[in-house]
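Data block below; observations after.
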Amino acid sequence: MHKCTTTQQPCEVVMNWDDLRVFLAVARAGSISSGARQLDLQHSTVSRRMRKLEQDLGVRLFDKVPSGYALTTAGENLVEAASRMEHEVLAVDGALAGTDLKPSGPLRVTAIDNMATTVLMPMFSDFSRRYPEVSLHIMVSNSDASLAQREADVAIRLTNTPPETLVGKRVVTVSSAIYGGREYLGKLRREGGEPEWLGVECCGFHKSWTRQVCGERPHRFNVDDTLLTQAALREEMGVSILPCFMGDPDPVLERYSEPRREWDLGLWILLHPDLKRTTRVLVFRDHMLRAIKAKSEIFEGWKNRQDGAV
């Protein structure tokens with residue numbers, strides 16, 4: 001029961017957790033569209049429920065701004081109250097999770113795009129076939145989804161410093177090397193000269209690694225995603241750093257140099273502590289642990305691996 005006070009008589013509004021869950025998703029995402037995607041709902045459904053919530057409370061919760069939606073003072077107050085309720089709901093969910101013996105229900109997994117669309121997709125599809133009663137939602141994100149706020153149940157991340165607030169396990173090492181197109185590198189070997197370096201802005205790792213090997217020189221061709229990097233290398237645009245799980249299986253590419261140890265990153269499977277006893281989460285985690293370890297040579301770049309340098 002929520003009590004609200006307006007310029008009229010005090011009122012009492014019965015609020016349910018599902019309405020607050022939708023409100024929190026919109027508030028945290030900053031837009032109805034993003035909130036709807038997180039919840040796997042239609043934009044029109046979320047918009048209608050937000051209008052209904054505002055009508056029931058008799059206050060405006062959001063202001064429309066150029067970048068999306070901004071919380072009003074009333075909206076900020078409701079976020080605080082709803083977040084406290086969310087914490088209690090998650091605690092109850094975690095306490096009851098141990099009784100969930102059969103894997104079923106929704107499971108939201110976030111993974112970086114270059115893995116989710118390549119080496120991990122067969123693992124995801126195999127899990128879905130094995131456990132048809134689990135509704136698997138794969139979300140592509142290169143930034144940390146907030147497991148604490150339940151934007152996802154499981155996060156698959158590349159990092160050497162995972163958050164201390166999450167439960168996780170480092171599965172394998174992901175190695176990276178410098179790649180180029182076979183024809184491009186063949187011509188470079190025949191004619192000599194320096195390779196053209198792609199400018200890569202996909203993440204802080206690759207940006208700093210590129211600066212290490214080629215300095216601050218300007219780049220003629222620039223991309224902001226590793227899938228774009230791979231496509232550019234296939235078009236003979238130069239050389240760049242790629243994870244070995246992307247570069248080695250590509251028949252059009254070959255290594256310009258071997259992986260460097262200082263470029264190694266850990267591949268982690270991360271869970272929220274409240275979900276560590278939830279059956280569908282644990283079954284998915286164990287499935288991915290086995291599947292990823294079975295492909296460890298792809299991630300770790302065992303192919304002709306040496307501690308080389310450019």
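If you're wondering about the labels, chains in the structure tokens are A, B, ... by order shown, residues count from 1 in each chain, ligands from 1 in order shown.
DSSP on the backbone gives strand (DSSP E) for these parts of stretch 120-177 of chain A: A:Val134, A:Ser135, A:Leu136, A:His137, A:Ile138, A:Met139, A:Val140, A:Val154, A:Ala155, A:Ile156, A:Arg157, A:Leu158, A:Thr159, A:Val167, A:Gly168, A:Lys169, A:Arg170, A:Val171, A:Val172, A:Thr173, A:Val174, A:Ser176, A:Ala177.
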* Report the residues of stretch 51-216 of chain A whose backbone DSSP state falls under alpha helix (DSSP H), written as a ChimeraX atom specification. => /A:51-57,73-96,113-116,121-130,182-191,204-214
Next, the residues of the selection above should be written as a PDB file, in the first residue's frame with C-alpha atoms.
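part-v7.pdb, written as the output of this step:
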ATOM      1  CA  ARG A  51       0.921   6.350 -17.867  1.00  0.00           C
ATOM      2  CA  LYS A  52      -1.384   4.212 -15.730  1.00  0.00           C
ATOM      3  CA  LEU A  53       1.099   4.277 -12.829  1.00  0.00           C
ATOM      4  CA  GLU A  54       1.323   8.068 -12.982  1.00  0.00           C
ATOM      5  CA  GLN A  55      -2.469   8.325 -13.081  1.00  0.00           C
ATOM      6  CA  ASP A  56      -2.864   5.998 -10.109  1.00  0.00           C
ATOM      7  CA  LEU A  57      -0.284   7.928  -8.062  1.00  0.00           C
ATOM      8  CA  THR A  73      11.475  14.500  -7.806  1.00  0.00           C
ATOM      9  CA  ALA A  74       8.523  12.176  -7.286  1.00  0.00           C
ATOM     10  CA  GLY A  75      10.140   9.675  -9.646  1.00  0.00           C
ATOM     11  CA  GLU A  76      13.417   9.770  -7.740  1.00  0.00           C
ATOM     12  CA  ASN A  77      11.566   9.166  -4.472  1.00  0.00           C
ATOM     13  CA  LEU A  78       9.747   6.217  -6.003  1.00  0.00           C
ATOM     14  CA  VAL A  79      13.048   4.763  -7.282  1.00  0.00           C
ATOM     15  CA  GLU A  80      14.353   4.724  -3.702  1.00  0.00           C
ATOM     16  CA  ALA A  81      11.228   3.029  -2.377  1.00  0.00           C
ATOM     17  CA  ALA A  82      11.010   0.569  -5.279  1.00  0.00           C
ATOM     18  CA  SER A  83      14.695  -0.326  -4.954  1.00  0.00           C
ATOM     19  CA  ARG A  84      14.157  -1.240  -1.308  1.00  0.00           C
ATOM     20  CA  MET A  85      11.248  -3.439  -2.328  1.00  0.00           C
ATOM     21  CA  GLU A  86      13.384  -4.982  -5.081  1.00  0.00           C
ATOM     22  CA  HIS A  87      16.032  -5.892  -2.527  1.00  0.00           C
ATOM     23  CA  GLU A  88      13.440  -7.715  -0.439  1.00  0.00           C
ATOM     24  CA  VAL A  89      12.031  -9.516  -3.472  1.00  0.00           C
ATOM     25  CA  LEU A  90      15.512 -10.664  -4.517  1.00  0.00           C
ATOM     26  CA  ALA A  91      16.190 -11.912  -1.002  1.00  0.00           C
ATOM     27  CA  VAL A  92      12.991 -13.961  -1.045  1.00  0.00           C
ATOM     28  CA  ASP A  93      13.842 -15.249  -4.526  1.00  0.00           C
ATOM     29  CA  GLY A  94      17.257 -16.356  -3.317  1.00  0.00           C
ATOM     30  CA  ALA A  95      15.833 -18.025  -0.207  1.00  0.00           C
ATOM     31  CA  LEU A  96      13.321 -20.034  -2.223  1.00  0.00           C
ATOM     32  CA  ASP A 113      28.846  -9.359 -29.160  1.00  0.00           C
ATOM     33  CA  ASN A 114      31.968 -10.864 -30.741  1.00  0.00           C
ATOM     34  CA  MET A 115      31.596 -13.991 -28.584  1.00  0.00           C
ATOM     35  CA  ALA A 116      27.809 -14.241 -28.504  1.00  0.00           C
ATOM     36  CA  MET A 121      26.177 -19.316 -30.001  1.00  0.00           C
ATOM     37  CA  PRO A 122      26.464 -23.110 -30.522  1.00  0.00           C
ATOM     38  CA  MET A 123      26.803 -23.468 -26.742  1.00  0.00           C
ATOM     39  CA  PHE A 124      23.700 -21.342 -26.149  1.00  0.00           C
ATOM     40  CA  SER A 125      21.658 -23.277 -28.695  1.00  0.00           C
ATOM     41  CA  ASP A 126      22.790 -26.617 -27.259  1.00  0.00           C
ATOM     42  CA  PHE A 127      21.676 -25.518 -23.775  1.00  0.00           C
ATOM     43  CA  SER A 128      18.286 -24.431 -25.136  1.00  0.00           C
ATOM     44  CA  ARG A 129      17.743 -27.804 -26.803  1.00  0.00           C
ATOM     45  CA  ARG A 130      18.758 -29.688 -23.638  1.00  0.00           C
ATOM     46  CA  ARG A 182      46.380 -13.568 -46.170  1.00  0.00           C
ATOM     47  CA  GLU A 183      46.785 -11.729 -49.475  1.00  0.00           C
ATOM     48  CA  TYR A 184      47.625  -8.471 -47.709  1.00  0.00           C
ATOM     49  CA  LEU A 185      50.316 -10.078 -45.555  1.00  0.00           C
ATOM     50  CA  GLY A 186      51.673 -12.014 -48.524  1.00  0.00           C
ATOM     51  CA  LYS A 187      52.119  -8.793 -50.457  1.00  0.00           C
ATOM     52  CA  LEU A 188      53.701  -7.153 -47.419  1.00  0.00           C
ATOM     53  CA  ARG A 189      56.244  -9.964 -47.139  1.00  0.00           C
ATOM     54  CA  ARG A 190      57.076  -9.781 -50.855  1.00  0.00           C
ATOM     55  CA  GLU A 191      57.358  -6.014 -51.126  1.00  0.00           C
ATOM     56  CA  GLY A 204      39.977   0.280 -23.666  1.00  0.00           C
ATOM     57  CA  PHE A 205      41.965  -2.941 -23.975  1.00  0.00           C
ATOM     58  CA  HIS A 206      42.353  -2.928 -27.752  1.00  0.00           C
ATOM     59  CA  LYS A 207      42.815   0.817 -27.887  1.00  0.00           C
ATOM     60  CA  SER A 208      45.752   0.730 -25.461  1.00  0.00           C
ATOM     61  CA  TRP A 209      47.258  -2.384 -27.056  1.00  0.00           C
ATOM     62  CA  THR A 210      47.170  -0.759 -30.487  1.00  0.00           C
ATOM     63  CA  ARG A 211      48.897   2.304 -29.055  1.00  0.00           C
ATOM     64  CA  GLN A 212      51.607   0.040 -27.610  1.00  0.00           C
ATOM     65  CA  VAL A 213      52.554  -1.465 -30.949  1.00  0.00           C
ATOM     66  CA  CYS A 214      52.068   1.433 -33.358  1.00  0.00           C
TER      67      CYS A 214
END
* Considering only C-alpha atoms, state which residue in the set A:Trp268, A:Trp197, A:Tyr69, A:Phe221 is at the smallest distance from A:Ala155. => A:Trp268
* To do: May I have the residues within 7 Å of stretch 168-170 of chain A as a PyMOL selection string, using only C-alpha atoms and disregarding those fewer than 3 positions away in the same chain?
  => chain A and resi 266-271
* Contacts of A:Arg234 at 10 Å or less, counting only C-alpha atoms, minus same-chain residues fewer than 4 places along, as a ChimeraX atom specification? -> /A:179-184,228-230,238-239,250-253
* Residue neighbourhood A:Leu282, 12 Å, only C-alpha atoms, exclusion window fewer than 3 positions, as a ChimeraX atom specification -> /A:97-98,100-104,107,153-154,167-168,269-279,285-289
Dump N, CA and C atoms for the selected residues as a compact mmCIF listing (two decimals), in the first residue's frame?
# COMPACT_ATOMS: atom_id res chain seq x y z
N ALA A 97 15.10 -20.24 -3.88
CA ALA A 97 15.70 -20.81 -5.08
C ALA A 97 16.11 -22.26 -4.89
N GLY A 98 16.50 -22.63 -3.68
CA GLY A 98 16.97 -23.99 -3.45
C GLY A 98 15.88 -25.03 -3.65
N ASP A 100 13.86 -24.96 -6.17
CA ASP A 100 13.62 -25.02 -7.61
C ASP A 100 14.48 -26.15 -8.19
N LEU A 101 13.93 -27.37 -8.21
CA LEU A 101 14.73 -28.54 -8.55
C LEU A 101 14.81 -28.79 -10.05
N LYS A 102 13.83 -28.35 -10.81
CA LYS A 102 13.82 -28.58 -12.25
C LYS A 102 14.09 -27.28 -12.97
N PRO A 103 15.09 -27.25 -13.86
CA PRO A 103 15.38 -25.99 -14.55
C PRO A 103 14.23 -25.55 -15.44
N SER A 104 13.68 -24.39 -15.13
CA SER A 104 12.57 -23.84 -15.91
C SER A 104 12.49 -22.35 -15.64
N LEU A 107 15.63 -17.02 -18.24
CA LEU A 107 17.04 -16.88 -17.89
C LEU A 107 17.64 -15.84 -18.82
N ASP A 153 20.68 -12.23 -15.41
CA ASP A 153 20.92 -13.23 -14.37
C ASP A 153 22.36 -13.73 -14.41
N VAL A 154 22.92 -13.79 -15.61
CA VAL A 154 24.29 -14.28 -15.80
C VAL A 154 25.00 -13.34 -16.76
N VAL A 167 29.34 -13.26 -7.70
CA VAL A 167 29.88 -14.61 -7.60
C VAL A 167 30.33 -15.03 -8.99
N GLY A 168 31.58 -15.46 -9.14
CA GLY A 168 32.06 -15.78 -10.47
C GLY A 168 33.17 -16.80 -10.50
N ILE A 269 32.36 -16.20 -15.89
CA ILE A 269 30.91 -16.35 -15.79
C ILE A 269 30.51 -15.81 -14.43
N LEU A 270 29.71 -14.74 -14.42
CA LEU A 270 29.38 -14.01 -13.20
C LEU A 270 27.90 -14.13 -12.88
N LEU A 271 27.60 -14.30 -11.58
CA LEU A 271 26.24 -14.43 -11.09
C LEU A 271 26.00 -13.45 -9.95
N HIS A 272 24.75 -13.08 -9.74
CA HIS A 272 24.39 -12.34 -8.54
C HIS A 272 24.36 -13.32 -7.37
N PRO A 273 24.87 -12.93 -6.20
CA PRO A 273 24.88 -13.85 -5.04
C PRO A 273 23.52 -14.43 -4.69
N ASP A 274 22.44 -13.66 -4.90
CA ASP A 274 21.11 -14.15 -4.56
C ASP A 274 20.65 -15.29 -5.47
N LEU A 275 21.35 -15.49 -6.59
CA LEU A 275 20.94 -16.51 -7.55
C LEU A 275 21.83 -17.75 -7.52
N LYS A 276 22.73 -17.82 -6.55
CA LYS A 276 23.72 -18.90 -6.58
C LYS A 276 23.12 -20.26 -6.25
N ARG A 277 21.84 -20.30 -5.84
CA ARG A 277 21.19 -21.59 -5.59
C ARG A 277 20.04 -21.83 -6.56
N THR A 278 19.84 -20.95 -7.52
CA THR A 278 18.75 -21.11 -8.48
C THR A 278 19.12 -22.17 -9.51
N THR A 279 18.28 -23.16 -9.66
CA THR A 279 18.64 -24.32 -10.48
C THR A 279 18.95 -23.95 -11.92
N ARG A 285 25.25 -22.32 -15.84
CA ARG A 285 26.67 -22.07 -15.54
C ARG A 285 27.50 -23.33 -15.77
N ASP A 286 27.04 -24.45 -15.27
CA ASP A 286 27.80 -25.69 -15.42
C ASP A 286 27.89 -26.11 -16.88
N HIS A 287 26.81 -25.91 -17.61
CA HIS A 287 26.83 -26.23 -19.05
C HIS A 287 27.88 -25.39 -19.77
N MET A 288 27.92 -24.10 -19.48
CA MET A 288 28.86 -23.22 -20.15
C MET A 288 30.30 -23.50 -19.72
N LEU A 289 30.49 -23.84 -18.46
CA LEU A 289 31.84 -24.19 -18.00
C LEU A 289 32.40 -25.37 -18.80
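Checking A:Tyr256, A:Asp225, A:Leu265, A:Ala25 one by one against A:Glu194, counting only C-alpha atoms, you find the shortest gap at A:Tyr256.
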* What does the distance from atom CA of A:Val223 to atom CA of A:Gly68 come to in Å, to one decimal? -> 26.6 Å
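Proximity ranking of A:Ile292, A:Ala177, A:Gly105, A:Glu254 relative to A:Leu242 places A:Ala177 first, based on only C-alpha atoms.
The two atoms in question, atom CA of A:Cys203 and atom CA of A:Arg37, are spaced 23.6 Å apart.
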Find the residues near A:Trp263: any atom within 7 Å, counting only C-alpha atoms, skip ones fewer than 2 places away on the same chain, and give them as a compact mmCIF listing (two decimals) with C-alpha atoms, in the first residue's frame.
# COMPACT_ATOMS: atom_id res chain seq x y z
CA SER A 175 44.45 -14.60 -25.96
CA SER A 176 44.84 -12.01 -28.70
CA ARG A 260 51.37 -11.68 -26.23
CA ARG A 261 50.97 -12.74 -22.62
CA LEU A 265 42.22 -11.65 -20.43
* Name the residues in contact with A:Asp264 at a cut-off of 10 Å, using only C-alpha atoms, excluding same-chain residues fewer than 6 positions from it; report them as number ranges by chain. => A: 158-160, 173-177, 243, 300
Please produce a file of the residues just selected, as a CSV table (one decimal), in the first residue's frame, where the atoms kept are C-alpha atoms.
chain,number,residue,atom,x,y,z
A,158,LEU,CA,36.3,-10.6,-20.4
A,159,THR,CA,38.2,-9.0,-17.5
A,160,ASN,CA,41.1,-9.5,-15.2
A,173,THR,CA,42.2,-17.3,-20.7
A,174,VAL,CA,41.4,-15.5,-23.9
A,175,SER,CA,44.5,-14.6,-26.0
A,176,SER,CA,44.8,-12.0,-28.7
A,177,ALA,CA,47.2,-11.7,-31.6
A,243,PRO,CA,41.0,-12.3,-30.1
A,300,GLU,CA,43.8,-19.5,-25.6
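Shortest atom-to-atom contact with A:Val26 among A:Gln42, A:Thr161, A:Ser47, A:Asn222: A:Ser47, counting only C-alpha atoms.
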